Amino acid sequence: MRKILALAMGLLFLCSSLLAQNRTITGKVTDEKGTPIPNVSVLVKGTQVGTTTKSDGTYSIGVPASGKILVFSSIDLETKEVAIGSSATLNVSLADANKTMDQVVVVGYQAIRKKDVAGAISKISGSEIDNLPMPSFAQALQGRAAGVNITAANGIPGGTMNVRIRGVGSINAGNDPLYVVDGVQLNTSVGSINTQNNPLSFLNTDDIESIEILKDAAAASIYGARAANGVVLITTKKGLVGKTKYTASAYYGESSALKLVDPLTTQEWYKVRYEAVANANPNMTPAAIRTSVLSSLGVSTSLDDKGIDSLPTYDWQDASFHKGKITSVEATMQGGNQNVNYYLSGAYSKQTAIIQPTDFQRATLFSKISFKISKKLTLDNGISLSTFSQNAPYSTGNTGFGNPAYASSMMMPINPIYNPDGTYYGMPGSGQALVGSFNHNILAVADYITYFTRTNSLLANMSLTYNVLPELTLRTMAGLDYRLTQDERYQDPRINDAYAVKGRLSNQTDWNVNFITNTTANYRKTFAEDHSVNALLGIEFRKDQNQWFQADAQGFPSYQLRYLSAASTASSVSGQWNGNAAFSQFAKVGYTYRDKYILNYTVRRDGSSRFGTNNLYGVFQSVQLAWNAKEESFLANVDAISDLKVRYSFGQAGNDQIGNTQFRQLYGAARIYGNSSAINPTQLGNPDLSWETREEHNIGLDVAFLNGRVSLTADVYRKINKDLLLSRSLYATTGFSSITQNLGSVENKGLELLLIVKPVDGAFKWNSSFNISFQKNKVKELYDGLQALPGDATIRVGESLGSFYLAEWAGVNPATGRGMWYDKGGNITYNPLDADRKVVGNVYPTHYGGWTNTFSYKGLSLEAFLQYEYGRVRPDEQFQQMMRMGGTGVNTLKEGFYGRWQKPGDIVDVPRPVNGMAEINSVSWATGTRYYYKTDYVRLKTITLSYELPAKLIRKYSFEGIRVYVQGINLWTYTKWNGYDPEYTGSNTGTIPQSKNMTAGIQVRL
Amino acid sequence: MKKITNKLIIAALITGLVAPSCKKQLDIPSRNSLDASLALTNKEGIEAALNSAYSVLKSERLYGRDMFSVAEAMADVAFANGRSSRLLSENRNQSAANMANWGTAYGVINEINLTLAAINKVTDATAADKTRWEGEFKFLRALYYFDLVKNYAYIPTFVVPAQDRGGVVLTLKGFDNASDAASFYPARATTAEVYAQIMTDLYATIATLSNANRGRNYASKHAALALGSRVALYQGNWAKADSFATASIALSGGIGSLSTAANYVTGWRAADHPEGIFQVWYATLAENLGVNTSLAATHTTLPAPGSLNATRQGQGDLVPNAKLLTELGITNFPPDLVAPSTGYPVLAFSNDVRNKLFEYGVNASGRYVECTKWMGKNGSANWDNTVVLRWAELYLNRAEAKYRQNDEAGAWADLNVIRTARYTGFTAPSPRDLSGQALLDEILRQRMLEFAFEGHRFFDLKRTGTAISKTLPSVNLPATDFKLLPRIPTGEVDGNPNMKQNFGY
């Protein structure tokens, strides 16, 4: 767009400079405040003639007769083309590149002026997320965009990030947004059997120029059937015309645990176990209880009290949590002339997690080249090559005994970790045995296993742009998103789980090939100065294919042999192919009158292989209206208001995130009997299966005061997801559990605010950006008039998705120490029934957001970014496991031990210990809401102190800039959460919790 | 301008060419599954569907574990030691801690119904194939329905009328389309109707299958007769229980034979138990149920007999209690079941050979006496074949049936067959040592000993209306307690006015 304008300007000046001769032009380049800028590239357009400005910003250049235009460019600054007039002096002022980028917004298949935006779009510029030690951009975006709730699944580096734009609208279909990188829609399916290899981790966040999040259905609608959960558009950096620039940067740091829990000593455990056995077995004699408890500690049953007092305690948790290391280096190079420009970058980073052997290692190469074949034809090519490897934990989140994140705090404290000679204690075959349910030496397991995952990813796009006419552009693009995931999963024969079978190995390979191509025609023209029209017409085809195979074997002669060929027995092989395709046509028409009134209409027709033969195609439309009130004459002279825009939009978008063959009636072949294969019906068909549709109204306001010192963006929305892709429960007596039909609807309402204030703006600057989102969800309708979804009583009409529907915990009976619950009448019961359940809290936050404050003075800058989330409730499942209070052979927490019921009259939260964690004639402790807590937290997500070395000092050594910084991640958290950390998704049993990081880094620009 | 128009026309043409071929591109069939219309059209398809109907028996909810281990945990012979917290609530007879075979069983029943309807449409099979298919499918349907009705309903020989909510849902027609399935609001058939249907299927099996058919891993006439005797016993149809057992014992060319006191233990160590008439076959290592919930893992920590100092193999969650150990003739076991860590008391064994399958396990949070009926007999752990019907039951069924028909001498004779085969040096006393209630008690006691950890005891208590009484854990559950019957899965009752939940839930 800017290019077109520049071109037009150039043409305009062409006539006036026809008679120009070979001559010298001099001048000075300054920034907007008049400060001279050195090292700006000055190039005569269309030639190789160029120079750079001196330290005082001046330049002198000999211009050949053919030279008509000078191009001024510098990294971080806007590139400017200035026509050579009659004067021999040309002084130029360059604006900050980010500022000008801010004026352009990518909206899908085109970029438009920010002024013309009529939908709800959040934009994050690349500079906001530079040099964060976070493998995926989704993690870096957390808390930065109103209406976008991002949560890390756990603390695995490169692990899953949960991104929800404006809440969840689907019950059974996916709620993940669509990601588009430089026009290529990503396939985000995960292919590893070992760990979470988040496909979004392929991209180095420092290569990102900007991220636009299309939040309302109208903005997303141009992406049709894949857009119902919003669209995240990522635009990568590209080369700027001018002298070649180099940057190099590196950072190094450490991560450590946010919190450790407090397990019991051996003596405390003896005590709590004794009580648990006694309370569960009123008939047992004290001597028998003592024998039982001592034997479960693995010590002599004749041990006296003094002997018990002298038993040792070992801290397994402390031995399991380490300090992680963070390293990153990267370099970029960019430049270009009028015909070719390029951006190249290479980066390497490594992070080790706080629990071994988990790590993440990535190398990326990124190149972007734009080549002007002729005046009208441009070829663009972008290639991102990335390989990341992960050593996975023994388990990424379950109750595996060998999993340190799960078991370390629950290992019986009497178990030694090491033998005196430094070898691991209690290994199978050693004659030593660890006592307790968790009888695996978790440190040995972490040390011996190889759970390795390598993800190789290629994202490439090539496009040909043909400027047919100044107002008409044709563009054809082809893109490839290719990913190969390879897993190696070796259970060493020395560890408990594989000792009996002499080691196990699984090798898995998973290919994803996602091909996309589209052709668009873009037309823009302004008629009679006042009427601007733009139109877009396009077709698109996308095909995704996934294939995997896995081979498992066991029986290795020795742990030194770790490859399939060394195994004695092949235990299993499996493999599958899956694919889907979509074909789409789309169009957009926009009209603007004098920049005041904006009207956009889009329509898209999508066909998808995922839908039934009766409903193969869907049509999605949207309309957007905006009024730039500031352009009106009555506001033109009101200086206090620097910007005022009102927006309204209505749009439809579809959700197709269901299985590839869900409408088909199928027989599967996964079973086996007598070593012969078997087939069985796996799915009832539904030829009517169609899209889930989201319809949304959005009203927005953009207002700025005092020359932009205060600006506010507000959006309110109401969206309805209807014809949900609902898994309709069937009675099991039909032989099936469910079928997928288009039934029911869910409503989301919300308010999003973004407030940017610059309280101090001088030599000392203070920028403050605050965002908050309020979000409310409600199930509007199911089917057949049902008030609750059969098979999932938590989904209830009138309630939010993600509700918990449980019997309410009523605390501990002070007289007996037994746990109590409320029945439906509000009375105490010890055996809560289904009928006693009620809605208690919700897994989605009611409000969340972030607050950034940046203070800068000359080269010194301090940025503090707070992220917060309120209103979420979750079961703390890891805490529940850690609070078994001697009810089984695992260690438990001091807070439970010292807070337990001990004698009648005790008013406490923790019931009396009882073997099996359930009183006779009562239900398990964990029933109902006992372990459900609010996850509310406020977190100092990042804090960065940086110093830009003074230009005077470094330019002597021909540096353009040097920045040094220290950065902290998650340094401070406010929360009342009991367990390791409140930030996670899914279950937190056995997951590696979030960590805090400290890094120090340097960036050098040449 | 003309040039541009031409280019636009070319672009439009390309678009036009791409568009129609895309319709074809959008038809991507599943490559991992078979379209339902093709599945049951040939011989291979029906055989594969038959394999599926057998394979479901292997699942954890059925003979993989629950039908044996959960039933034993609920009965009065076992103690859940809490090593892995499994089966604790079942062992305490807590509410809704029962076997849960509803969904699994109805899934496979639907498969059987669909395939039975498709058999006659297959053109590449012989009449003999079709007859055999019908017999095997009907045997399996009978077995799945029997396991449902014995669990979810009262057993006809002991019903608490005020709490009786009927049998289970009876479907004999498969569901092959979504609209039929979505509009199905079933009601429970009466218990009598379900038992009648089971017998109908067994008669059909008896009429179609050869005596041994394909051996003990598959249905056979022999298996149908043996199952029929148990079904009739539960029904209280003593004459039929007697005649089915007799026919099964007398069948020539049947499967297996009764073990003797001399070869009883080796029989249990063999992959194929020589007494087995029908067993669930785990043919490959890949079918193993893992270290947590297989029968072997549930019942023993031992990798092999006598290896009590080896590395722990399974969880050993459910162990025999003092009552069972005593009745088996084992003495000197630790009074609280758990042995001291050093110097555990040496066990003493009577002449009952069945107690040879009980021994100390590995010291893993304490050392217990464990049951070793499943211990890697297929070559490695956790995929032992599971015997569903075996010879000893024929004699014990018939002994009880004869007793109920007032044939005490006949009952005593059958009882002695078992006693001879299980007690070293047993000779029948003369005159007859038992009569009346004592005789019945001994028959039921022999069932308890014979089938310890094989899932009979709980149903024997339930069908005879005997209270469940244990000291460890402390449980005293009268036979009228609602917890003896499971909760029908909530989702089956929600929204279906025709469906009655069991009493107490």
# chains A, B, ... in the order shown; residues from 1 in each chain; ligands from 1
$ residues_around --residues "stretch 212-222 of chain B" --least-positions-apart "4" --cutoff "8 Å" --atoms "only C-alpha atoms" --output "PyMOL selection string"
(chain A and resi 674) or (chain B and resi 54+135-136+139-140+205-208+226+248+251+253-255+276-281)
$ residues_around --residues "stretch 113-127 of chain B" --least-positions-apart "6" --cutoff "9 Å" --atoms "only C-alpha atoms" --output "PyMOL selection string"
chain B and resi 40-43+46+49-50+133-134+137-138+141+171-176
$ write_last_selection --atoms "C-alpha atoms" --output "compact mmCIF listing (two decimals), in the first residue's frame"
# COMPACT_ATOMS: atom_id res chain seq x y z
CA LEU B 40 -20.12 -57.25 6.80
CA THR B 41 -20.49 -58.24 3.18
CA ASN B 42 -18.08 -61.13 2.98
CA LYS B 43 -16.67 -64.05 4.90
CA ILE B 46 -17.97 -61.72 9.50
CA ALA B 49 -16.62 -59.15 13.49
CA LEU B 50 -16.67 -62.44 15.39
CA TRP B 133 -21.16 -68.16 13.14
CA GLU B 134 -24.69 -68.18 14.45
CA PHE B 137 -22.38 -65.24 18.24
CA LYS B 138 -25.35 -66.50 20.22
CA ARG B 141 -24.62 -62.82 23.41
CA THR B 171 -32.03 -55.57 22.53
CA LEU B 172 -31.85 -58.19 19.82
CA LYS B 173 -31.78 -55.88 16.82
CA GLY B 174 -28.69 -53.89 15.97
CA PHE B 175 -28.59 -50.14 15.55
CA ASP B 176 -27.27 -49.15 12.16
$ select_by_dssp --residues "stretch 208-385 of chain B" --states "helix (DSSP H, G or I)" --output "PyMOL selection string"
chain B and resi 208+221-235+238-250+264-269+285-287+290-293+295-299+322-327+353-357
$ select_by_dssp --residues "stretch 247-437 of chain B" --states "strand (DSSP E)" --output "ChimeraX atom specification"
/B:276-280,318-320,330-331,348-349,358-360,369-371,386-390
$ residues_around --residues "A:Thr450" --least-positions-apart "6" --cutoff "9 Å" --atoms "only C-alpha atoms" --output "PDB file with C-alpha atoms, in the first residue's frame"
ATOM      1  CA  PRO A 357      15.802 -34.385  32.085  1.00  0.00           C
ATOM      2  CA  ASN A 391      14.066 -34.324  26.185  1.00  0.00           C
ATOM      3  CA  ALA A 392      10.741 -35.179  27.697  1.00  0.00           C
ATOM      4  CA  PRO A 393       9.991 -36.058  31.286  1.00  0.00           C
ATOM      5  CA  TYR A 394       9.037 -39.640  32.154  1.00  0.00           C
ATOM      6  CA  GLU A 488      12.306 -42.139  20.762  1.00  0.00           C
ATOM      7  CA  ARG A 489      11.029 -43.532  24.007  1.00  0.00           C
ATOM      8  CA  TYR A 490      13.427 -45.812  25.769  1.00  0.00           C
ATOM      9  CA  GLN A 491      12.559 -47.245  29.123  1.00  0.00           C
ATOM     10  CA  ASP A 492      15.894 -48.349  30.398  1.00  0.00           C
ATOM     11  CA  ARG A 562      19.032 -48.641  22.891  1.00  0.00           C
TER      12      ARG A 562
END
$ residues_around --residues "A:Tyr957" --least-positions-apart "4" --cutoff "10 Å" --atoms "only C-alpha atoms" --output "list of chain:residue names"
A:Lys952, A:Leu953, A:Leu1006
$ write_last_selection --atoms "N, CA and C atoms" --output "PDB file, in the first residue's frame"
ATOM      1  N   LYS A 952      27.320   8.163  21.145  1.00  0.00           N
ATOM      2  CA  LYS A 952      28.641   8.793  21.038  1.00  0.00           C
ATOM      3  C   LYS A 952      29.749   7.773  21.325  1.00  0.00           C
ATOM      4  N   LEU A 953      29.483   6.993  22.360  1.00  0.00           N
ATOM      5  CA  LEU A 953      30.489   6.064  22.850  1.00  0.00           C
ATOM      6  C   LEU A 953      30.758   4.943  21.847  1.00  0.00           C
ATOM      7  N   LEU A1006      24.831  -3.450  14.053  1.00  0.00           N
ATOM      8  CA  LEU A1006      25.951  -2.978  13.241  1.00  0.00           C
ATOM      9  C   LEU A1006      25.416  -2.339  11.970  1.00  0.00           C
TER      10      LEU A1006
END
$ closest_residue --among "A:Val910, A:Leu564, A:Val812, A:Ala95" --to "A:Ile37" --atoms "only C-alpha atoms"
A:Ala95
$ atom_distance --atom1 "atom CA of A:Val163" --atom2 "atom CA of A:Glu869"
13.9 Å
$ residues_around --residues "B:Asp317" --least-positions-apart "6" --cutoff "10 Å" --atoms "only C-alpha atoms" --output "NGL selection string"
:B and (69 or 73 or 78-88 or 292-293 or 297-301 or 368 or 370)
$ closest_residue --among "B:Ala261, B:Ile330, B:Ala364, B:Leu347" --to "chain A" --atoms "only C-alpha atoms"
B:Ala364
$ residues_around --residues "A:Gly654" --least-positions-apart "5" --cutoff "12 Å" --atoms "only C-alpha atoms" --output "PyMOL selection string"
chain A and resi 169-170+173-175+177-178+217-218+220-231+604-608+617-621+690-696+720-725
$ residues_around --residues "B:Asp384" --least-positions-apart "3" --cutoff "7 Å" --atoms "only C-alpha atoms" --output "short mmCIF file (atom, residue, chain, number, x, y, z; two decimals) with N, CA and C atoms, in the first residue's frame"
data_model
loop_
_atom_site.label_atom_id
_atom_site.label_comp_id
_atom_site.auth_asym_id
_atom_site.auth_seq_id
_atom_site.Cartn_x
_atom_site.Cartn_y
_atom_site.Cartn_z
N TYR B 282 -5.55 -64.50 25.51
CA TYR B 282 -4.64 -63.38 25.25
C TYR B 282 -3.50 -63.96 24.43
N TRP B 374 -2.78 -66.32 38.49
CA TRP B 374 -2.33 -65.68 37.24
C TRP B 374 -0.97 -65.09 37.52
N GLY B 376 1.91 -64.73 34.81
CA GLY B 376 2.77 -64.80 33.64
C GLY B 376 2.82 -66.16 32.98
N LYS B 377 1.69 -66.91 33.01
CA LYS B 377 1.76 -68.25 32.43
C LYS B 377 1.80 -68.24 30.91
N ASN B 378 1.51 -67.09 30.28
CA ASN B 378 1.65 -67.02 28.82
C ASN B 378 3.07 -66.67 28.40
#
$ closest_residue --among "A:Pro135, A:Gly46, A:Gly298, A:Pro286" --to "B:Ala339" --atoms "only C-alpha atoms"
A:Gly298
$ closest_residue --among "B:Leu461, B:Ala286, B:Met67, B:Ala232" --to "chain A" --atoms "only C-alpha atoms"
B:Ala286
